>>> print(open('input-v6.csv').read())   # CSV, C-alpha atoms (C1' of nucleotides)
chain,number,residue,atom,x,y,z
A,1,MET,CA,36.4,19.4,-29.0
A,2,VAL,CA,36.6,17.5,-25.7
A,3,GLN,CA,33.7,18.1,-23.2
A,4,PHE,CA,34.3,17.4,-19.6
A,5,VAL,CA,31.6,15.7,-17.5
A,6,HIS,CA,31.1,17.1,-14.0
A,7,PRO,CA,28.4,15.9,-11.6
A,8,SER,CA,26.1,18.5,-10.0
A,9,THR,CA,26.7,19.2,-6.3
A,10,GLU,CA,23.8,17.1,-5.1
A,11,ASP,CA,25.0,14.1,-7.2
A,12,ILE,CA,28.4,14.0,-5.3
A,13,THR,CA,28.4,10.7,-3.4
A,14,LEU,CA,30.3,9.7,-0.2
A,15,SER,CA,31.5,6.5,-1.9
A,16,GLY,CA,32.6,8.5,-4.9
A,17,VAL,CA,34.6,11.0,-2.8
A,18,LEU,CA,36.2,8.3,-0.5
A,19,GLY,CA,37.0,6.0,-3.5
A,20,ALA,CA,38.6,8.9,-5.4
A,21,LEU,CA,40.7,9.9,-2.4
A,22,ALA,CA,41.5,6.4,-1.4
A,23,ASP,CA,44.2,6.3,-4.1
A,24,PRO,CA,47.5,7.7,-2.9
A,25,MET,CA,48.2,9.3,-6.2
A,26,ARG,CA,44.9,11.1,-6.4
A,27,LEU,CA,45.1,12.2,-2.8
A,28,ARG,CA,48.5,13.7,-3.6
A,29,ILE,CA,47.0,15.5,-6.5
A,30,VAL,CA,44.2,17.0,-4.4
A,31,SER,CA,46.6,17.8,-1.6
A,32,SER,CA,48.9,19.7,-4.0
A,33,MET,CA,45.9,21.6,-5.4
A,34,ILE,CA,44.6,22.8,-2.0
A,35,LYS,CA,48.1,24.0,-1.1
A,36,LYS,CA,48.3,26.2,-4.2
A,37,ASN,CA,44.7,27.3,-4.0
A,38,ASP,CA,44.7,27.9,-7.7
A,39,CYS,CA,44.0,26.4,-11.0
A,40,MET,CA,46.6,23.8,-12.0
A,41,SER,CA,47.4,21.9,-15.2
A,42,CYS,CA,47.4,18.1,-14.9
A,43,SER,CA,51.1,17.7,-15.1
A,44,GLU,CA,51.6,20.5,-12.6
A,45,ALA,CA,49.2,19.1,-10.1
A,46,ALA,CA,50.6,15.6,-10.4
A,47,PRO,CA,53.8,15.3,-8.3
A,48,CYS,CA,54.7,12.0,-10.0
A,49,PRO,CA,56.7,12.3,-13.3
A,50,ASN,CA,57.3,8.5,-13.8
A,51,MET,CA,53.7,7.7,-14.6
A,52,ALA,CA,52.1,7.2,-18.0
A,53,LYS,CA,50.1,10.3,-19.0
A,54,SER,CA,47.2,8.0,-19.9
A,55,THR,CA,47.1,6.9,-16.3
A,56,LEU,CA,47.3,10.5,-15.1
A,57,SER,CA,44.5,11.4,-17.4
A,58,HIS,CA,42.5,8.5,-15.9
A,59,HIS,CA,43.1,9.7,-12.4
A,60,PHE,CA,41.9,13.2,-13.2
A,61,ARG,CA,38.8,11.7,-14.8
A,62,ILE,CA,38.1,9.8,-11.6
A,63,LEU,CA,38.5,13.0,-9.5
A,64,ARG,CA,36.3,14.9,-12.0
A,65,GLU,CA,33.5,12.3,-12.0
A,66,ALA,CA,33.6,12.1,-8.2
A,67,GLY,CA,32.9,15.8,-8.2
A,68,ILE,CA,36.2,16.7,-6.5
A,69,ILE,CA,37.7,18.8,-9.3
A,70,ARG,CA,36.4,20.9,-12.1
A,71,THR,CA,38.3,20.8,-15.4
A,72,GLY,CA,38.3,23.3,-18.2
A,73,LYS,CA,40.5,23.6,-21.2
A,74,VAL,CA,42.4,26.8,-21.7
A,75,GLY,CA,44.7,26.9,-24.7
A,76,VAL,CA,46.8,23.8,-24.9
A,77,GLU,CA,46.4,22.8,-21.3
A,78,ASN,CA,43.7,21.8,-18.8
A,79,ARG,CA,42.9,24.0,-15.8
A,80,ASN,CA,41.8,22.0,-12.7
A,81,VAL,CA,40.2,23.6,-9.7
A,82,LEU,CA,39.2,21.9,-6.4
A,83,ARG,CA,35.4,22.0,-5.9
A,84,SER,CA,35.8,22.8,-2.2
A,85,GLU,CA,32.6,24.7,-1.9
A,86,ASP,CA,30.5,22.1,-3.6
A,87,ILE,CA,32.0,19.2,-1.5
A,88,ASN,CA,31.6,21.2,1.7
A,89,LYS,CA,28.0,21.9,0.8
A,90,ARG,CA,27.4,18.2,0.3
A,91,PHE,CA,29.7,16.9,3.1
A,92,PRO,CA,30.6,19.7,5.5
A,93,GLY,CA,34.1,19.3,6.9
A,94,LEU,CA,34.8,16.0,5.3
A,95,LEU,CA,37.4,17.1,2.8
A,96,ASP,CA,39.4,19.2,5.3
A,97,GLU,CA,39.3,16.3,7.7
A,98,ILE,CA,40.8,13.9,5.2
A,99,LEU,CA,43.3,16.3,3.8
A,100,LYS,CA,44.5,16.9,7.3
A,101,PHE,CA,46.1,13.5,7.2
A,102,ALA,CA,47.4,13.6,3.6
A,103,ASP,CA,51.2,13.2,3.3
B,1,MET,CA,42.3,-23.2,13.1
B,2,VAL,CA,41.9,-19.9,11.4
B,3,GLN,CA,44.1,-17.0,12.5
B,4,PHE,CA,43.0,-13.5,11.7
B,5,VAL,CA,45.6,-10.9,10.6
B,6,HIS,CA,45.2,-7.4,12.1
B,7,PRO,CA,47.6,-4.5,11.5
B,8,SER,CA,49.1,-2.7,14.5
B,9,THR,CA,47.7,0.8,15.1
B,10,GLU,CA,50.7,2.5,13.6
B,11,ASP,CA,50.4,0.4,10.4
B,12,ILE,CA,46.9,1.7,9.7
B,13,THR,CA,47.1,3.8,6.5
B,14,LEU,CA,44.8,6.6,5.3
B,15,SER,CA,44.5,4.9,1.9
B,16,GLY,CA,43.5,1.7,3.6
B,17,VAL,CA,40.8,3.3,5.7
B,18,LEU,CA,39.4,5.4,2.9
B,19,GLY,CA,39.5,2.4,0.4
B,20,ALA,CA,37.8,0.2,2.9
B,21,LEU,CA,35.0,2.7,3.7
B,22,ALA,CA,34.7,3.7,0.0
B,23,ASP,CA,32.6,0.6,-0.6
B,24,PRO,CA,28.9,1.2,0.3
B,25,MET,CA,28.5,-2.3,1.7
B,26,ARG,CA,31.5,-2.0,4.0
B,27,LEU,CA,30.4,1.5,5.1
B,28,ARG,CA,27.0,0.0,6.0
B,29,ILE,CA,28.7,-2.7,8.0
B,30,VAL,CA,30.8,-0.2,10.0
B,31,SER,CA,27.9,2.1,10.4
B,32,SER,CA,25.8,-0.7,11.8
B,33,MET,CA,28.6,-1.7,14.2
B,34,ILE,CA,29.0,1.8,15.7
B,35,LYS,CA,25.3,2.0,16.3
B,36,LYS,CA,25.2,-1.1,18.3
B,37,ASN,CA,28.6,-0.4,19.9
B,38,ASP,CA,29.1,-4.1,20.5
B,39,CYS,CA,30.6,-7.2,19.1
B,40,MET,CA,28.7,-8.5,16.1
B,41,SER,CA,28.8,-11.6,14.0
B,42,CYS,CA,29.4,-11.2,10.3
B,43,SER,CA,25.8,-12.0,9.3
B,44,GLU,CA,24.5,-9.8,12.0
B,45,ALA,CA,26.7,-6.8,11.0
B,46,ALA,CA,25.9,-7.1,7.4
B,47,PRO,CA,22.5,-5.6,6.5
B,48,CYS,CA,22.4,-7.3,3.1
B,49,PRO,CA,21.1,-10.9,3.0
B,50,ASN,CA,21.2,-11.2,-0.8
B,51,MET,CA,25.0,-11.4,-1.0
B,52,ALA,CA,27.3,-14.4,-1.3
B,53,LYS,CA,28.8,-15.3,2.0
B,54,SER,CA,32.2,-15.5,0.3
B,55,THR,CA,31.8,-11.9,-0.8
B,56,LEU,CA,30.8,-11.0,2.8
B,57,SER,CA,33.8,-12.8,4.1
B,58,HIS,CA,36.0,-10.8,1.6
B,59,HIS,CA,34.5,-7.5,2.8
B,60,PHE,CA,35.2,-8.4,6.5
B,61,ARG,CA,38.7,-9.3,5.5
B,62,ILE,CA,39.2,-5.9,3.8
B,63,LEU,CA,37.9,-4.1,6.9
B,64,ARG,CA,40.1,-6.2,9.1
B,65,GLU,CA,43.3,-5.7,7.1
B,66,ALA,CA,42.6,-2.0,6.9
B,67,GLY,CA,42.6,-2.0,10.7
B,68,ILE,CA,39.0,-0.9,11.0
B,69,ILE,CA,37.7,-4.0,12.8
B,70,ARG,CA,39.1,-6.7,15.0
B,71,THR,CA,37.8,-10.2,14.5
B,72,GLY,CA,37.9,-13.1,16.9
B,73,LYS,CA,36.3,-16.5,16.7
B,74,VAL,CA,34.0,-17.4,19.6
B,75,GLY,CA,32.3,-20.7,19.3
B,76,VAL,CA,30.8,-21.2,15.9
B,77,GLU,CA,30.7,-17.5,15.0
B,78,ASN,CA,33.0,-14.5,14.5
B,79,ARG,CA,32.9,-11.5,16.8
B,80,ASN,CA,33.8,-8.3,15.1
B,81,VAL,CA,34.6,-5.0,17.0
B,82,LEU,CA,35.2,-1.6,15.6
B,83,ARG,CA,38.8,-0.5,16.4
B,84,SER,CA,37.6,3.1,17.1
B,85,GLU,CA,40.3,3.9,19.6
B,86,ASP,CA,43.1,2.7,17.3
B,87,ILE,CA,41.7,4.6,14.3
B,88,ASN,CA,41.3,7.7,16.4
B,89,LYS,CA,44.8,7.4,17.7
B,90,ARG,CA,46.1,7.2,14.1
B,91,PHE,CA,43.6,9.6,12.5
B,92,PRO,CA,41.8,11.7,15.2
B,93,GLY,CA,38.3,12.5,14.2
B,94,LEU,CA,38.4,11.0,10.8
B,95,LEU,CA,36.1,8.0,11.4
B,96,ASP,CA,33.4,10.0,13.1
B,97,GLU,CA,33.5,12.6,10.3
B,98,ILE,CA,33.0,9.9,7.6
B,99,LEU,CA,30.4,8.0,9.6
B,100,LYS,CA,28.5,11.3,10.1
B,101,PHE,CA,27.5,11.1,6.4
B,102,ALA,CA,26.8,7.4,6.2
B,103,ASP,CA,22.9,7.3,6.0
C,1,DT,C1',52.6,25.0,-42.6
C,2,DC,C1',54.6,22.3,-39.2
C,3,DA,C1',56.7,20.9,-35.0
C,4,DA,C1',55.9,21.1,-30.0
C,5,DT,C1',52.8,20.7,-26.1
C,6,DA,C1',49.0,18.8,-23.3
C,7,DG,C1',45.9,15.7,-22.9
C,8,DT,C1',42.3,12.0,-24.5
C,9,DT,C1',41.0,7.6,-26.4
C,10,DC,C1',41.7,2.9,-27.6
C,11,DA,C1',43.2,-1.8,-27.2
C,12,DA,C1',45.8,-4.9,-24.6
C,13,DT,C1',47.3,-6.6,-20.4
C,14,DA,C1',47.6,-6.8,-15.2
C,15,DT,C1',45.3,-6.5,-11.0
C,16,DA,C1',41.1,-6.7,-7.9
C,17,DA,C1',36.1,-8.0,-6.9
C,18,DT,C1',32.3,-11.4,-7.0
C,19,DT,C1',30.5,-15.8,-6.8
C,20,DG,C1',29.4,-21.0,-6.3
C,21,DA,C1',31.3,-25.1,-4.5
C,22,DA,C1',34.0,-27.5,-1.5
C,23,DC,C1',36.2,-27.1,2.9
C,24,DT,C1',37.1,-26.4,8.3
C,25,DA,C1',35.7,-25.8,13.0
C,26,DT,C1',32.3,-25.7,16.6
C,27,DT,C1',28.0,-26.8,18.7
C,28,DG,C1',24.1,-29.5,20.1
C,29,DA,C1',21.1,-33.3,19.8
C,30,DA,C1',20.2,-38.3,19.1
D,1,DT,C1',30.4,-40.6,19.6
D,2,DT,C1',28.3,-39.8,15.6
D,3,DC,C1',26.0,-36.6,12.7
D,4,DA,C1',23.5,-32.7,11.1
D,5,DA,C1',23.4,-27.7,11.5
D,6,DT,C1',25.7,-23.3,11.7
D,7,DA,C1',29.2,-19.8,10.5
D,8,DG,C1',32.6,-18.7,8.1
D,9,DT,C1',37.0,-19.5,5.0
D,10,DT,C1',39.4,-20.9,0.9
D,11,DC,C1',39.7,-22.0,-3.9
D,12,DA,C1',39.1,-21.6,-8.9
D,13,DA,C1',36.6,-19.3,-12.3
D,14,DT,C1',34.5,-15.3,-14.1
D,15,DT,C1',33.8,-10.5,-14.2
D,16,DA,C1',35.2,-5.7,-13.6
D,17,DT,C1',38.6,-2.2,-12.9
D,18,DA,C1',43.5,-0.2,-13.4
D,19,DT,C1',47.6,0.6,-16.0
D,20,DT,C1',50.1,1.3,-20.0
D,21,DG,C1',52.0,2.3,-24.9
D,22,DA,C1',50.5,3.9,-29.2
D,23,DA,C1',47.8,6.6,-32.0
D,24,DC,C1',44.8,10.5,-32.0
D,25,DT,C1',42.9,15.7,-31.3
D,26,DA,C1',43.4,20.4,-30.3
D,27,DT,C1',46.0,24.6,-29.6
D,28,DT,C1',50.0,27.4,-29.7
D,29,DG,C1',54.1,29.6,-31.6
D,30,DA,C1',58.0,29.7,-34.7
>>> encode(input="input-v6.csv", output="structure tokens")
Amino acid sequence: MVQFVHPSTEDITLSGVLGALADPMRLRIVSSMIKKNDCMSCSEAAPCPNMAKSTLSHHFRILREAGIIRTGKVGVENRNVLRSEDINKRFPGLLDEILKFAD
Amino acid sequence: MVQFVHPSTEDITLSGVLGALADPMRLRIVSSMIKKNDCMSCSEAAPCPNMAKSTLSHHFRILREAGIIRTGKVGVENRNVLRSEDINKRFPGLLDEILKFAD
DNA sequence: TCAATAGTTCAATATAATTGAACTATTGAA
DNA sequence: TTCAATAGTTCAATTATATTGAACTATTGA
């Protein structure tokens, strides 16, 4: 059984958030998640089919460990949710400000 | 003679800005620059004496090539200025929002 | 039971960061 | 005008991180 590691809200760092969102691929993932405002599987959230699934898995791990998404396994797939509330508690307004300029 | 390369305002990218500011050292450099609101030499702007000057030079280059600072040589030292106006033209409000959370 | 699906982990390679040493350019003093 | 000091760059080597294919785990549904 795979256990996912998520930082607590107070452990979310600015460098972690910025570093996670600095990658265009990861920014697009987060951007597509906020648009749907819903849980998404990894392949659904990643608008980039020509990428190794191991790389994709890596990107989701970075987002997870930065405290940006929460991942849970439901059946055969992962469900990813944006941790908007937690990020806003830690850095009010930051996420929206960044996502304003995504794509 | 060393020539510094600076991107034009429209070539400043979100990934570039976020990536540049994702490093704690570089964020501190930018943070110390906005506080003084003035030109600063590299060693003056970098509040971290125990770091190789080649590494410092590398960090200033990243900031420069991301379009965050402008560097000019005056006498024996470099003068660095924050490109606040350019960044705000490209991504209004973003820089302030990020720097709000930098210690 | 077994193939299909969704993703992780691992080992290898490719790319980026860090550093010491050698270099350039400018100043200021002998 | 020579020469040491200052401020930073560039280079080559090391270290760290990213990317990928292949093998693996876990769950579903036929």
>>> atom_distance(input="input-v6.csv", atom1="atom CA of A:Cys42", atom2="atom CA of A:Lys89")
25.2 Å
>>> calpha_fit_rmsd(input="input-v6.csv", fixed="chain A", moving="chain B")
0.1 Å
>>> interface_residues(input="input-v6.csv", of="chain C", to="chain B", cutoff="7 Å", atoms="all atoms listed in the file", output="number ranges by chain")
C: 18-19, 26-27
>>> write_last_selection(input="input-v6.csv", atoms="C-alpha atoms (C1' of nucleotides)", output="PDB file, in the coordinates of the input")
ATOM      1  C1'  DT C  18      32.300 -11.400  -7.000  1.00  0.00           C
ATOM      2  C1'  DT C  19      30.500 -15.800  -6.800  1.00  0.00           C
ATOM      3  C1'  DT C  26      32.300 -25.700  16.600  1.00  0.00           C
ATOM      4  C1'  DT C  27      28.000 -26.800  18.700  1.00  0.00           C
TER       5       DT C  27
END
>>> interface_residues(input="input-v6.csv", of="chain D", to="chain A", cutoff="10 Å", atoms="all atoms listed in the file", output="compact mmCIF listing (two decimals) with C-alpha atoms (C1' of nucleotides), keeping the file's coordinate frame")
# COMPACT_ATOMS: atom_id res chain seq x y z
C1' DA D 18 43.50 -0.20 -13.40
C1' DT D 19 47.60 0.60 -16.00
C1' DT D 20 50.10 1.30 -20.00
C1' DG D 21 52.00 2.30 -24.90
C1' DT D 25 42.90 15.70 -31.30
C1' DA D 26 43.40 20.40 -30.30
C1' DT D 27 46.00 24.60 -29.60
C1' DT D 28 50.00 27.40 -29.70
>>> interface_residues(input="input-v6.csv", of="chain B", to="chain A", cutoff="12 Å", atoms="only C-alpha atoms", output="NGL selection string")
:B and (13-28 or 66 or 88 or 90-103)
>>> atom_distance(input="input-v6.csv", atom1="atom CA of A:Arg83", atom2="atom CA of A:Ile69")
5.2 Å
>>> atom_distance(input="input-v6.csv", atom1="atom CA of B:Leu82", atom2="atom CA of B:Ile68")
6.0 Å
>>> closest_residue(input="input-v6.csv", among="B:Lys73, B:Asp86, B:Ser43, B:Asn80", to="C:DA25", atoms="all atoms listed in the file")
B:Lys73
>>> residues_around(input="input-v6.csv", residues="C:DA29", least_positions_apart="6", cutoff="12 Å", atoms="all atoms listed in the file", output="number ranges by chain")
D: 1-5
>>> closest_residue(input="input-v6.csv", among="B:Val81, B:Gly72, B:Arg64, B:Cys48", to="B:Ser8", atoms="all atoms listed in the file")
B:Arg64
>>> closest_residue(input="input-v6.csv", among="D:DA7, D:DA12, D:DA30, D:DC24", to="C:DT24", atoms="all atoms listed in the file")
D:DA7
>>> residues_around(input="input-v6.csv", residues="C:DC23", least_positions_apart="4", cutoff="12 Å", atoms="all atoms listed in the file", output="ChimeraX atom specification")
/D:8-11
>>> decode(input="input-v6.csv", residues="chain D", atoms="C-alpha atoms (C1' of nucleotides)", output="short mmCIF file (atom, residue, chain, number, x, y, z; two decimals), in the first residue's frame")
data_model
loop_
_atom_site.label_atom_id
_atom_site.label_comp_id
_atom_site.auth_asym_id
_atom_site.auth_seq_id
_atom_site.Cartn_x
_atom_site.Cartn_y
_atom_site.Cartn_z
"C1'" DT D 1 53.71 53.83 -14.64
"C1'" DT D 2 53.85 50.03 -11.98
"C1'" DC D 3 51.68 47.22 -8.66
"C1'" DA D 4 48.69 45.66 -5.10
"C1'" DA D 5 43.77 45.67 -3.76
"C1'" DT D 6 38.99 45.23 -4.98
"C1'" DA D 7 34.91 43.26 -7.30
"C1'" DG D 8 33.33 40.27 -9.96
"C1'" DT D 9 33.44 36.70 -14.08
"C1'" DT D 10 34.70 32.38 -16.29
"C1'" DC D 11 36.26 27.72 -16.27
"C1'" DA D 12 36.56 22.88 -14.97
"C1'" DA D 13 35.36 19.63 -11.63
"C1'" DT D 14 32.18 17.87 -8.39
"C1'" DT D 15 27.69 17.40 -6.56
"C1'" DA D 16 22.73 17.48 -6.82
"C1'" DT D 17 18.42 17.33 -9.29
"C1'" DA D 18 15.41 16.03 -13.41
"C1'" DT D 19 13.99 12.79 -16.90
"C1'" DT D 20 13.18 8.42 -18.66
"C1'" DG D 21 12.33 3.22 -19.65
"C1'" DA D 22 11.64 -0.94 -17.35
"C1'" DA D 23 10.00 -3.51 -13.70
"C1'" DC D 24 6.97 -3.39 -9.92
"C1'" DT D 25 2.31 -2.88 -6.84
"C1'" DA D 26 -2.51 -2.42 -6.28
"C1'" DT D 27 -7.19 -2.41 -7.88
"C1'" DT D 28 -10.90 -3.35 -10.99
"C1'" DG D 29 -13.74 -5.95 -14.12
"C1'" DA D 30 -14.39 -9.59 -17.48
#
